[in-house]
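Colleague: The following file, work05.txt, comprises compact mmCIF, C-alpha atoms:
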```txt
# COMPACT_ATOMS: atom_id res chain seq x y z
CA MET Q 1 22.08 25.36 3.59
CA LEU Q 2 22.50 22.54 6.08
CA SER Q 3 22.19 23.96 9.56
CA LYS Q 4 22.17 21.63 12.56
CA LYS Q 5 18.37 21.56 12.61
CA ASN Q 6 18.10 20.76 8.91
CA LYS Q 7 20.62 17.96 9.31
CA GLU Q 8 18.40 16.51 12.02
CA ILE Q 9 15.39 16.74 9.64
CA LEU Q 10 17.33 14.95 6.91
CA LEU Q 11 19.01 12.23 8.97
CA GLY Q 12 16.37 11.59 11.64
CA PRO Q 13 14.14 9.40 9.44
CA LEU Q 14 17.05 7.11 8.54
CA SER Q 15 17.03 5.26 11.84
CA LYS Q 16 15.52 6.83 14.99
CA ASN Q 17 12.39 8.03 13.25
CA ASN Q 18 12.27 5.60 10.32
CA PRO Q 19 8.93 5.79 8.47
CA VAL Q 20 8.58 2.03 7.98
CA ILE Q 21 9.80 0.37 11.16
CA VAL Q 22 9.15 3.13 13.71
CA GLN Q 23 6.22 5.16 12.39
CA ILE Q 24 4.74 2.06 10.62
CA LEU Q 25 3.79 3.93 7.45
CA GLY Q 26 3.87 2.76 3.85
CA ILE Q 27 3.97 -0.92 4.72
CA CYS Q 28 1.88 -2.10 1.75
CA SER Q 29 4.39 -1.34 -0.95
CA ALA Q 30 7.39 -1.99 1.31
CA LEU Q 31 6.35 -5.62 1.49
CA ALA Q 32 4.92 -6.23 -1.94
CA VAL Q 33 7.82 -5.14 -4.15
CA THR Q 34 10.68 -6.69 -2.21
CA ALA Q 35 10.90 -10.17 -3.73
CA LYS Q 36 13.75 -8.89 -5.95
CA LEU Q 37 16.32 -6.15 -5.40
CA GLU Q 38 15.87 -4.26 -8.67
CA PRO Q 39 12.16 -3.37 -8.40
CA ALA Q 40 12.70 -2.53 -4.72
CA LEU Q 41 15.41 -0.03 -5.62
CA VAL Q 42 13.30 1.53 -8.40
CA MET Q 43 10.35 1.77 -6.03
CA ALA Q 44 12.53 3.43 -3.37
CA VAL Q 45 13.77 6.05 -5.84
CA SER Q 46 10.23 6.71 -7.14
CA VAL Q 47 8.81 7.17 -3.65
CA THR Q 48 11.69 9.46 -2.65
CA ALA Q 49 11.14 11.65 -5.71
CA VAL Q 50 7.37 11.83 -5.21
CA VAL Q 51 7.49 12.52 -1.48
CA ALA Q 52 10.22 15.19 -1.84
CA PHE Q 53 8.47 17.13 -4.60
CA ALA Q 54 4.98 16.71 -3.13
CA ASN Q 55 6.37 18.11 0.12
CA VAL Q 56 7.81 21.13 -1.71
CA ILE Q 57 4.60 21.83 -3.65
CA ILE Q 58 2.32 21.51 -0.65
CA SER Q 59 4.70 23.61 1.42
CA LEU Q 60 4.61 26.37 -1.23
CA LEU Q 61 0.80 26.22 -1.30
CA ARG Q 62 0.36 25.83 2.44
CA ASN Q 63 -0.95 29.33 3.10
CA THR Q 64 -3.46 29.26 0.25
CA ILE Q 65 -5.08 25.84 0.76
CA PRO Q 66 -8.35 26.07 2.72
CA ASN Q 67 -8.24 23.66 5.61
CA SER Q 68 -11.46 21.85 4.73
CA ILE Q 69 -10.34 20.64 1.29
CA ARG Q 70 -6.66 19.99 2.02
CA ILE Q 71 -6.93 16.19 1.65
CA ILE Q 72 -8.31 16.52 -1.88
CA VAL Q 73 -5.62 19.05 -2.80
CA GLN Q 74 -2.92 16.76 -1.45
CA LEU Q 75 -4.34 13.79 -3.35
CA VAL Q 76 -4.40 15.75 -6.61
CA VAL Q 77 -0.80 16.95 -6.23
CA VAL Q 78 0.41 13.46 -5.35
CA ALA Q 79 -1.60 11.83 -8.14
CA ALA Q 80 -0.14 14.22 -10.71
CA LEU Q 81 3.42 13.44 -9.57
CA VAL Q 82 2.74 9.71 -9.55
CA ILE Q 83 1.38 9.85 -13.11
CA ILE Q 84 4.65 11.50 -14.19
CA VAL Q 85 6.70 8.80 -12.43
CA ASP Q 86 4.51 6.06 -13.92
CA GLN Q 87 4.92 7.39 -17.47
CA VAL Q 88 8.69 7.80 -17.04
CA LEU Q 89 9.01 4.22 -15.79
CA LYS Q 90 6.88 2.92 -18.66
CA ALA Q 91 9.03 4.79 -21.15
CA TYR Q 92 12.52 3.97 -19.86
CA MET Q 93 12.24 0.84 -17.67
CA TYR Q 94 9.34 -1.12 -19.13
CA GLN Q 95 10.31 -4.48 -17.59
CA VAL Q 96 10.56 -3.12 -14.06
CA SER Q 97 7.35 -1.16 -14.51
CA LYS Q 98 5.62 -4.42 -15.49
CA GLN Q 99 6.97 -6.11 -12.35
CA LEU Q 100 5.82 -3.29 -10.10
CA SER Q 101 2.37 -3.41 -11.80
CA VAL Q 102 -0.23 -1.66 -9.66
CA PHE Q 103 2.19 -0.66 -6.93
CA VAL Q 104 3.43 2.39 -8.82
CA GLY Q 105 -0.14 3.69 -8.85
CA LEU Q 106 -0.48 2.80 -5.22
CA ILE Q 107 2.23 5.33 -4.30
CA ILE Q 108 -0.73 7.76 -4.26
CA THR Q 109 -2.19 6.06 -1.21
CA ASN Q 110 1.19 5.35 0.38
CA CYS Q 111 0.71 6.47 3.98
CA ILE Q 112 4.20 8.02 4.09
CA LEU Q 113 3.07 10.67 1.63
CA MET Q 114 -0.11 11.67 3.41
CA GLY Q 115 1.67 11.41 6.77
CA ARG Q 116 4.54 13.71 5.75
CA LEU Q 117 2.28 16.19 3.96
CA GLU Q 118 -0.07 16.44 6.94
CA ALA Q 119 2.54 16.39 9.67
CA PHE Q 120 5.37 18.34 8.10
CA ALA Q 121 4.81 20.15 4.79
CA LEU Q 122 1.70 22.01 5.97
CA SER Q 123 3.67 23.79 8.68
CA HIS Q 124 7.23 24.20 7.32
CA LYS Q 125 9.15 26.12 4.66
CA PRO Q 126 9.83 24.54 1.22
CA TRP Q 127 13.56 23.78 1.72
CA GLU Q 128 13.01 22.06 5.05
CA SER Q 129 10.07 20.14 3.58
CA PHE Q 130 12.27 19.02 0.69
CA LEU Q 131 14.91 17.70 3.11
CA ASP Q 132 12.22 15.97 5.17
CA GLY Q 133 10.85 14.34 2.03
CA VAL Q 134 14.28 13.12 0.91
CA GLY Q 135 15.05 11.85 4.42
CA ASN Q 136 11.83 9.90 4.69
CA GLY Q 137 12.12 8.55 1.16
CA VAL Q 138 15.65 7.30 1.83
CA GLY Q 139 14.62 5.89 5.21
CA TYR Q 140 11.88 3.95 3.42
CA GLY Q 141 14.35 2.91 0.71
CA ILE Q 142 16.87 1.51 3.22
CA ILE Q 143 14.29 -0.88 4.66
CA LEU Q 144 13.14 -1.91 1.18
CA VAL Q 145 16.69 -2.67 0.09
CA ILE Q 146 17.52 -4.63 3.27
CA VAL Q 147 14.36 -6.76 2.95
CA ALA Q 148 14.86 -7.30 -0.78
CA PHE Q 149 18.54 -8.21 -0.26
CA PHE Q 150 17.70 -11.07 2.10
CA ARG Q 151 14.67 -12.23 0.13
CA GLU Q 152 16.47 -12.34 -3.20
CA LEU Q 153 19.68 -13.84 -1.76
CA LEU Q 154 17.97 -16.62 0.17
CA GLY Q 155 15.02 -17.07 -2.17
CA SER Q 156 16.68 -17.21 -5.57
CA GLY Q 157 20.42 -17.08 -4.81
CA THR Q 158 20.85 -13.97 -6.95
CA LEU Q 159 21.41 -10.24 -6.40
CA PHE Q 160 20.13 -7.80 -9.04
CA GLY Q 161 19.56 -10.90 -11.17
CA TYR Q 162 23.23 -12.03 -11.03
CA GLN Q 163 24.02 -15.43 -9.56
CA VAL Q 164 25.99 -14.91 -6.34
CA ILE Q 165 25.70 -18.30 -4.68
CA PRO Q 166 28.27 -20.47 -6.48
CA GLN Q 167 27.17 -23.47 -8.49
CA GLN Q 168 29.41 -25.65 -6.34
CA LEU Q 169 27.15 -25.15 -3.32
CA TYR Q 170 24.16 -26.34 -5.33
CA ASP Q 171 26.15 -29.41 -6.38
CA TRP Q 172 26.78 -30.15 -2.71
CA GLY Q 173 23.03 -30.12 -2.08
CA TYR Q 174 22.25 -26.47 -1.24
CA GLN Q 175 18.68 -25.45 -2.11
CA ASN Q 176 17.09 -22.05 -2.63
CA ASN Q 177 14.50 -21.33 0.03
CA GLY Q 178 11.35 -20.91 -2.03
CA LEU Q 179 9.41 -19.69 0.98
CA MET Q 180 11.39 -16.41 0.99
CA ILE Q 181 9.85 -15.45 -2.36
CA LEU Q 182 6.30 -15.84 -1.04
CA PRO Q 183 4.48 -12.84 0.49
CA PRO Q 184 4.33 -13.98 4.16
CA MET Q 185 8.12 -14.07 4.53
CA ALA Q 186 8.31 -10.35 3.75
CA LEU Q 187 6.33 -9.68 6.93
CA ILE Q 188 8.57 -11.93 8.99
CA THR Q 189 11.73 -10.33 7.54
CA VAL Q 190 10.43 -6.88 8.51
CA ALA Q 191 9.59 -8.22 11.97
CA CYS Q 192 13.21 -9.38 12.34
CA ILE Q 193 14.47 -5.92 11.29
CA ILE Q 194 12.16 -4.33 13.88
CA TRP Q 195 13.45 -6.78 16.48
CA VAL Q 196 17.10 -5.92 15.82
CA HIS Q 197 16.38 -2.20 15.59
CA ARG Q 198 14.40 -2.05 18.83
CA SER Q 199 16.87 -4.12 20.81
CA ARG Q 200 19.54 -1.55 19.83
CA ASN Q 201 17.28 1.44 20.56
CA LYS Q 202 15.81 0.63 23.96
CA ASP Q 203 13.77 3.86 24.10
CA LEU Q 204 11.54 2.64 21.25
CA GLN Q 205 10.42 -0.47 23.13
CA GLN Q 206 6.91 -0.61 24.49
CA MET B 207 -20.76 -19.88 -11.60
CA GLU B 208 -17.96 -17.76 -12.98
CA ASN B 209 -18.87 -15.04 -10.50
CA LEU B 210 -19.09 -17.44 -7.56
CA ASN B 211 -15.60 -18.65 -8.37
CA LEU B 212 -14.37 -15.05 -8.55
CA PHE B 213 -16.04 -14.31 -5.21
CA VAL B 214 -14.38 -17.21 -3.38
CA ARG B 215 -11.03 -16.50 -5.01
CA SER B 216 -11.09 -12.86 -3.99
CA ILE B 217 -11.86 -13.73 -0.38
CA PHE B 218 -9.42 -16.55 0.23
CA ILE B 219 -6.77 -16.78 -2.48
CA ASP B 220 -6.25 -13.25 -3.78
CA ASN B 221 -6.82 -11.89 -0.29
CA MET B 222 -6.02 -8.16 -0.23
CA ILE B 223 -3.92 -8.45 2.94
CA PHE B 224 -2.16 -11.78 2.67
CA ALA B 225 -1.46 -11.90 -1.04
CA TYR B 226 -0.94 -8.22 -1.91
CA PHE B 227 -0.46 -6.38 1.43
CA LEU B 228 -3.01 -3.73 0.52
CA GLY B 229 -4.45 -1.58 3.28
CA MET B 230 -1.70 -2.64 5.69
CA CYS B 231 -1.46 0.73 7.44
CA SER B 232 -4.98 0.78 8.81
CA TYR B 233 -4.85 -3.01 9.17
CA LEU B 234 -2.00 -2.69 11.66
CA ALA B 235 -3.23 0.50 13.33
CA VAL B 236 -6.90 -0.38 13.89
CA SER B 237 -6.62 -4.05 14.86
CA LYS B 238 -6.40 -3.57 18.62
CA ASN B 239 -9.98 -4.68 19.37
CA VAL B 240 -12.53 -6.73 17.50
CA LYS B 241 -15.40 -4.25 17.55
CA THR B 242 -13.66 -1.35 15.81
CA ALA B 243 -11.93 -3.78 13.44
CA PHE B 244 -15.33 -5.13 12.44
CA GLY B 245 -16.70 -1.59 11.89
CA LEU B 246 -13.77 -0.67 9.66
CA GLY B 247 -14.13 -3.95 7.77
CA ILE B 248 -17.78 -3.19 7.04
CA ALA B 249 -16.90 0.31 5.86
CA VAL B 250 -14.15 -0.94 3.54
CA THR B 251 -16.42 -3.60 2.02
CA PHE B 252 -19.14 -1.00 1.51
CA VAL B 253 -16.85 1.50 -0.23
CA LEU B 254 -15.21 -1.20 -2.39
CA ALA B 255 -18.65 -2.47 -3.45
CA ILE B 256 -19.61 1.04 -4.58
CA THR B 257 -16.38 2.35 -6.12
CA LEU B 258 -15.49 -0.73 -8.18
CA PRO B 259 -18.58 -0.72 -10.45
CA VAL B 260 -18.37 3.08 -10.84
CA ASN B 261 -14.69 2.91 -11.77
CA TYR B 262 -15.42 -0.04 -14.06
CA LEU B 263 -17.97 2.02 -16.01
CA LEU B 264 -15.57 4.96 -16.11
CA GLU B 265 -12.77 2.71 -17.38
CA THR B 266 -14.94 1.04 -20.05
CA TYR B 267 -16.74 4.10 -21.38
CA VAL B 268 -14.21 6.90 -20.93
CA LEU B 269 -10.62 5.91 -20.18
CA LYS B 270 -9.73 2.78 -22.17
CA ALA B 271 -8.11 3.07 -25.58
CA GLY B 272 -10.96 3.61 -28.03
CA ALA B 273 -13.55 3.74 -25.25
CA LEU B 274 -14.92 7.08 -26.41
CA LYS B 275 -16.21 5.55 -29.66
CA TRP B 276 -19.81 6.13 -28.55
CA LEU B 277 -19.23 9.89 -28.91
CA GLY B 278 -18.57 9.55 -32.63
CA PRO B 279 -16.00 7.93 -34.96
CA GLU B 280 -13.47 10.76 -34.60
CA TYR B 281 -13.03 9.95 -30.90
CA ALA B 282 -12.14 6.30 -31.52
CA GLN B 283 -8.39 7.02 -31.58
CA LEU B 284 -8.29 8.56 -28.12
CA ASP B 285 -6.50 6.78 -25.30
CA LEU B 286 -7.00 8.48 -21.95
CA SER B 287 -5.64 5.64 -19.83
CA PHE B 288 -2.80 7.79 -18.47
CA LEU B 289 -5.48 9.75 -16.62
CA SER B 290 -6.85 6.69 -14.87
CA LEU B 291 -4.91 7.14 -11.60
CA ILE B 292 -6.17 10.65 -10.98
CA MET B 293 -9.72 9.82 -12.11
CA PHE B 294 -9.91 6.76 -9.87
CA ILE B 295 -8.69 8.61 -6.81
CA ALA B 296 -11.11 11.47 -7.51
CA ILE B 297 -14.03 9.03 -7.81
CA ILE B 298 -12.98 7.26 -4.63
CA ALA B 299 -12.63 10.49 -2.65
CA SER B 300 -16.00 11.79 -3.79
CA MET B 301 -17.74 8.43 -3.27
CA VAL B 302 -16.38 8.25 0.26
CA GLN B 303 -17.69 11.75 0.88
CA LEU B 304 -21.13 10.77 -0.51
CA VAL B 305 -21.28 7.58 1.52
CA GLU B 306 -20.35 9.55 4.60
CA MET B 307 -23.18 12.06 4.10
CA PHE B 308 -25.65 9.27 3.29
CA VAL B 309 -24.76 7.23 6.36
CA GLU B 310 -24.87 10.33 8.56
CA LYS B 311 -28.39 11.14 7.39
CA TYR B 312 -29.99 7.69 7.41
CA SER B 313 -28.12 5.78 10.11
CA PRO B 314 -26.60 8.05 12.76
CA SER B 315 -25.73 5.06 14.97
CA LEU B 316 -23.58 3.41 12.29
CA TYR B 317 -22.05 6.82 11.56
CA ALA B 318 -21.11 7.26 15.21
CA SER B 319 -19.56 3.82 15.43
CA LEU B 320 -17.48 4.25 12.26
CA GLY B 321 -16.38 7.71 13.32
CA ILE B 322 -13.04 8.81 11.91
CA PHE B 323 -12.52 5.66 9.80
CA LEU B 324 -14.98 6.60 7.10
CA PRO B 325 -13.11 9.66 5.73
CA LEU B 326 -9.77 7.88 6.15
CA ILE B 327 -10.89 5.08 3.82
CA ALA B 328 -10.25 7.41 0.88
CA VAL B 329 -6.52 6.90 1.39
CA ASN B 330 -6.72 3.17 2.14
CA CYS B 331 -4.57 1.33 -0.42
CA ALA B 332 -7.07 -1.53 -0.57
CA ILE B 333 -9.68 0.68 -2.25
CA LEU B 334 -7.44 2.14 -4.94
CA GLY B 335 -5.74 -1.25 -5.27
CA GLY B 336 -9.11 -2.87 -5.99
CA SER B 337 -9.74 -0.42 -8.82
CA LEU B 338 -6.25 -0.88 -10.27
CA PHE B 339 -6.54 -4.69 -10.19
CA MET B 340 -9.92 -4.35 -11.86
CA GLN B 341 -8.27 -2.33 -14.63
CA GLN B 342 -5.49 -4.89 -15.00
CA ARG B 343 -7.74 -7.95 -15.15
CA ASN B 344 -10.24 -6.73 -17.76
CA PHE B 345 -13.39 -8.06 -16.13
CA PRO B 346 -16.06 -8.99 -18.69
CA SER B 347 -18.99 -7.20 -17.08
CA VAL B 348 -19.95 -4.75 -14.38
CA THR B 349 -21.40 -7.61 -12.31
CA SER B 350 -18.08 -9.38 -12.00
CA ALA B 351 -16.39 -6.11 -11.04
CA THR B 352 -18.97 -5.67 -8.25
CA VAL B 353 -18.56 -9.27 -7.12
CA TYR B 354 -14.80 -8.79 -7.02
CA GLY B 355 -15.25 -5.62 -4.95
CA ILE B 356 -17.53 -7.25 -2.39
CA GLY B 357 -15.35 -10.36 -2.22
CA SER B 358 -12.10 -8.51 -1.62
CA GLY B 359 -13.83 -6.30 0.96
CA ILE B 360 -15.02 -9.37 2.87
CA GLY B 361 -11.55 -10.91 2.60
CA TRP B 362 -10.04 -7.76 4.08
CA MET B 363 -12.61 -7.76 6.88
CA LEU B 364 -11.96 -11.43 7.65
CA ALA B 365 -8.24 -10.72 7.93
CA ILE B 366 -8.56 -7.68 10.20
CA VAL B 367 -11.13 -9.31 12.52
CA CYS B 368 -8.93 -12.43 12.90
CA LEU B 369 -5.88 -10.32 13.70
CA ALA B 370 -7.82 -8.19 16.19
CA ALA B 371 -9.06 -11.31 17.97
CA ILE B 372 -5.53 -12.69 18.24
CA ARG B 373 -4.15 -9.35 19.45
CA GLU B 374 -6.79 -9.14 22.19
CA LYS B 375 -5.60 -12.48 23.58
CA LEU B 376 -1.99 -11.53 23.05
CA SER B 377 -2.04 -8.88 25.76
CA TYR B 378 -1.82 -11.68 28.35
CA SER B 379 1.33 -13.25 26.93
CA ASN B 380 4.95 -12.55 27.74
CA ILE B 381 6.69 -11.38 24.57
CA PRO B 382 10.39 -10.32 24.34
CA ALA B 383 10.49 -6.55 24.87
CA PRO B 384 11.83 -5.53 21.41
CA LEU B 385 9.09 -7.50 19.66
CA ARG B 386 6.23 -6.19 21.77
CA GLY B 387 3.54 -4.25 19.90
CA ILE B 388 4.25 -3.98 16.22
CA GLY B 389 6.96 -6.64 15.83
CA ILE B 390 4.84 -9.54 16.99
CA THR B 391 1.91 -8.25 14.91
CA PHE B 392 4.02 -8.56 11.78
CA ILE B 393 5.00 -12.12 12.67
CA ILE B 394 1.38 -13.10 13.36
CA THR B 395 0.27 -11.61 10.05
CA GLY B 396 3.01 -13.57 8.31
CA LEU B 397 1.90 -16.82 9.95
CA MET B 398 -1.72 -16.10 9.05
CA GLY B 399 -0.58 -15.51 5.49
CA ILE B 400 1.11 -18.91 5.41
CA ALA B 401 -2.10 -20.44 6.77
CA PHE B 402 -4.14 -18.73 4.05
CA MET B 403 -1.80 -20.13 1.40
CA SER B 404 -3.38 -23.50 2.05
CA PHE B 405 -6.45 -22.23 0.18
CA LEU B 406 -4.37 -22.01 -3.02
CA GLY B 407 -5.79 -24.06 -5.83
CA ILE B 408 -9.39 -24.03 -4.68
CA LYS B 409 -11.61 -23.85 -7.74
CA LEU B 410 -15.37 -24.03 -7.85
```
Could the structure of this file be written out as structure tokens, please?
Modeller:
Amino acid sequence: MLSKKNKEILLGPLSKNNPVIVQILGICSALAVTAKLEPALVMAVSVTAVVAFANVIISLLRNTIPNSIRIIVQLVVVAALVIIVDQVLKAYMYQVSKQLSVFVGLIITNCILMGRLEAFALSHKPWESFLDGVGNGVGYGIILVIVAFFRELLGSGTLFGYQVIPQQLYDWGYQNNGLMILPPMALITVACIIWVHRSRNKDLQQ
Amino acid sequence: MENLNLFVRSIFIDNMIFAYFLGMCSYLAVSKNVKTAFGLGIAVTFVLAITLPVNYLLETYVLKAGALKWLGPEYAQLDLSFLSLIMFIAIIASMVQLVEMFVEKYSPSLYASLGIFLPLIAVNCAILGGSLFMQQRNFPSVTSATVYGIGSGIGWMLAIVCLAAIREKLSYSNIPAPLRGIGITFIITGLMGIAFMSFLGIKL
């Protein structure tokens, strides 16, 4: 089940080959949904599910898809999975689905999906593709959660909506940093993560 | 007047890149020199200006709840909006294909300069994002949908050309090694986003 090679496929994308901060894929949604921790987590789970199952389906179909129309086929498979995710979110987590608004639909054009389908699923067996999908989804999720953690903690003083910074601090004059909630700070937070990551992994530096 | 306001808003305030981070992947990957950035910007504006009105008509006459009333009273109950994602992406993919063939036939020089970017636009988040925002905002007419498309395309182009210009100059500066390349690009985009926030509140 988990040979050494498969383990590498599953764990590689978590740090050394992370889709967001090393391959620079799927940035759009990584930045836009991270103002709060809860939508970020839901988004991470949705993307993981879609990328894992799209990988499996494309990998099963890989010998029957004509090369010239593969992009359309991939888009249709991904769009179908995203519609399922969208409907499930609307049915069971309506509030979060409202917060995510168009970004659930935009999973279709998330570059991680097209990147993994093109680069991996078209040339590997279903089980390996599944592991690759889960690995990349989780690698994407880790970055989302880290960014959302700092933005929510510093921006609104809460985590998952619960107050974590004690009232006492506010009485002493502590203020929430409103800038962290605004879009530009998401970019700068990701830049800081890239900075830390690359100074630990010297081989990734340019 | 309404449309002029929408146009300015979609360029500066609701900018695709700085306010919603749409189309970031190609924004970061293709912003190494001004000329290609400009070509991609033109292509994105072009495709947005075509797909938004088409998707608007599709949304109004086929997909919205009760939109099929023109077929007869028994269709008035239908709500096909769950199909909108797959319909939009299909329209976008086929429109991109059409535009590609058209440009290849009538302007081979533009085709050569756009090269690989044209087919890749089909999976650019900014295009699908434009259609989804259009659906969310319920524009009153097809004209305002077109204006919104052109405006957000120009906003995207403005952002990518600015970034490309800064990155060209940046190659002469001494940046800490871990930030070189993509790290510093993120920080610059963030700072540009803060600068663009100063347009907030403009109303014509």
Colleague: Would you mind listing what lies within 10 Å of Leu113 (chain Q) as a list in words, with all atoms listed in the file counted and same-chain residues fewer than 4 positions away left out?
Modeller: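 Near neighbours after the sequence-gap exclusion: Leu25, Gly26, Val47, Thr48, Val50, Val51, Ala52, Ala54, Asn55, Gln74, Leu75, Val78, Ile107, Ile108, Thr109, Leu117, Glu118, Ala119, Gly133, Asn136 and Gly137 of chain Q.
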Colleague: Restricting the calculation to all atoms listed in the file, which member of Q:Val104, Q:Ile181, Q:Ile71, Q:Ala79 is positioned closest to chain B?
Modeller: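 Smallest separation from chain B among the options: Q:Ala79.
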Colleague: Got a sec to pull out which chain Q residues are within 8 Å of chain B, counting only C-alpha atoms, and send them as a ChimeraX atom specification?
Modeller: /Q:24-29,31-32,72,75-76,79-80,83,87,102,105-106,109-111,183-188,190-192,194-196,198-199,202,205-206
Colleague: Could you check which of B:Met340, B:Tyr317, B:Cys368, B:Val348 is closest to Ser216 (chain B), using only C-alpha atoms?
Modeller: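 Counting only C-alpha atoms, the residue closest to Ser216 (chain B) is B:Met340.
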Colleague: Using all atoms listed in the file, which residues sit within 9 Å of region 121-126 of chain Q once same-chain residues fewer than 6 positions away are excluded, as a ChimeraX atom specification?
Modeller: /Q:54-63,132-133
Colleague: I'd like the neighbourhood of Asn177 (chain Q) as an NGL selection string, where a residue qualifies if any of its atoms comes within 8 Å (using all atoms listed in the file), though same-chain residues fewer than 5 positions away should be ignored.
Modeller: :Q and (154-156)
Colleague: If you measure from CA of Gln23 (chain Q) to CA of Gly361 (chain B), what distance in Å do you get, rounded to one decimal?
Modeller: 25.9 Å
Colleague: Is there a way to complete region 294-308 of chain B with N, CA, C and O atoms and then write that out as a short mmCIF file (atom, residue, chain, number, x, y, z; two decimals), in the frame of the given file?
Modeller:
```cif
data_model
loop_
_atom_site.label_atom_id
_atom_site.label_comp_id
_atom_site.auth_asym_id
_atom_site.auth_seq_id
_atom_site.Cartn_x
_atom_site.Cartn_y
_atom_site.Cartn_z
N PHE B 294 -9.50 7.74 -10.88
CA PHE B 294 -9.91 6.76 -9.87
C PHE B 294 -9.88 7.37 -8.48
O PHE B 294 -10.81 7.20 -7.69
N ILE B 295 -8.81 8.09 -8.17
CA ILE B 295 -8.69 8.61 -6.81
C ILE B 295 -9.74 9.70 -6.59
O ILE B 295 -10.30 9.82 -5.49
N ALA B 296 -10.07 10.45 -7.66
CA ALA B 296 -11.11 11.47 -7.51
C ALA B 296 -12.46 10.81 -7.25
O ALA B 296 -13.22 11.24 -6.37
N ILE B 297 -12.76 9.75 -8.02
CA ILE B 297 -14.03 9.03 -7.81
C ILE B 297 -14.08 8.47 -6.39
O ILE B 297 -15.10 8.60 -5.69
N ILE B 298 -12.97 7.87 -5.96
CA ILE B 298 -12.98 7.26 -4.63
C ILE B 298 -13.21 8.32 -3.56
O ILE B 298 -14.05 8.15 -2.68
N ALA B 299 -12.48 9.45 -3.67
CA ALA B 299 -12.63 10.49 -2.65
C ALA B 299 -14.05 11.01 -2.61
O ALA B 299 -14.65 11.19 -1.54
N SER B 300 -14.65 11.23 -3.81
CA SER B 300 -16.00 11.79 -3.79
C SER B 300 -17.03 10.75 -3.34
O SER B 300 -17.99 11.09 -2.64
N MET B 301 -16.82 9.48 -3.72
CA MET B 301 -17.74 8.43 -3.27
C MET B 301 -17.70 8.30 -1.75
O MET B 301 -18.74 8.14 -1.11
N VAL B 302 -16.49 8.36 -1.19
CA VAL B 302 -16.38 8.25 0.26
C VAL B 302 -17.14 9.39 0.93
O VAL B 302 -17.86 9.19 1.91
N GLN B 303 -16.99 10.58 0.34
CA GLN B 303 -17.69 11.75 0.88
C GLN B 303 -19.21 11.53 0.82
O GLN B 303 -19.93 11.78 1.79
N LEU B 304 -19.70 11.02 -0.34
CA LEU B 304 -21.13 10.77 -0.51
C LEU B 304 -21.63 9.74 0.49
O LEU B 304 -22.65 9.94 1.16
N VAL B 305 -20.88 8.63 0.59
CA VAL B 305 -21.28 7.58 1.52
C VAL B 305 -21.36 8.13 2.93
O VAL B 305 -22.29 7.85 3.69
N GLU B 306 -20.38 8.98 3.27
CA GLU B 306 -20.35 9.55 4.60
C GLU B 306 -21.61 10.37 4.87
O GLU B 306 -22.26 10.23 5.91
N MET B 307 -22.00 11.21 3.91
CA MET B 307 -23.18 12.06 4.10
C MET B 307 -24.44 11.21 4.19
O MET B 307 -25.32 11.45 5.00
N PHE B 308 -24.50 10.16 3.32
CA PHE B 308 -25.65 9.27 3.29
C PHE B 308 -25.81 8.55 4.63
O PHE B 308 -26.90 8.53 5.21
#
```
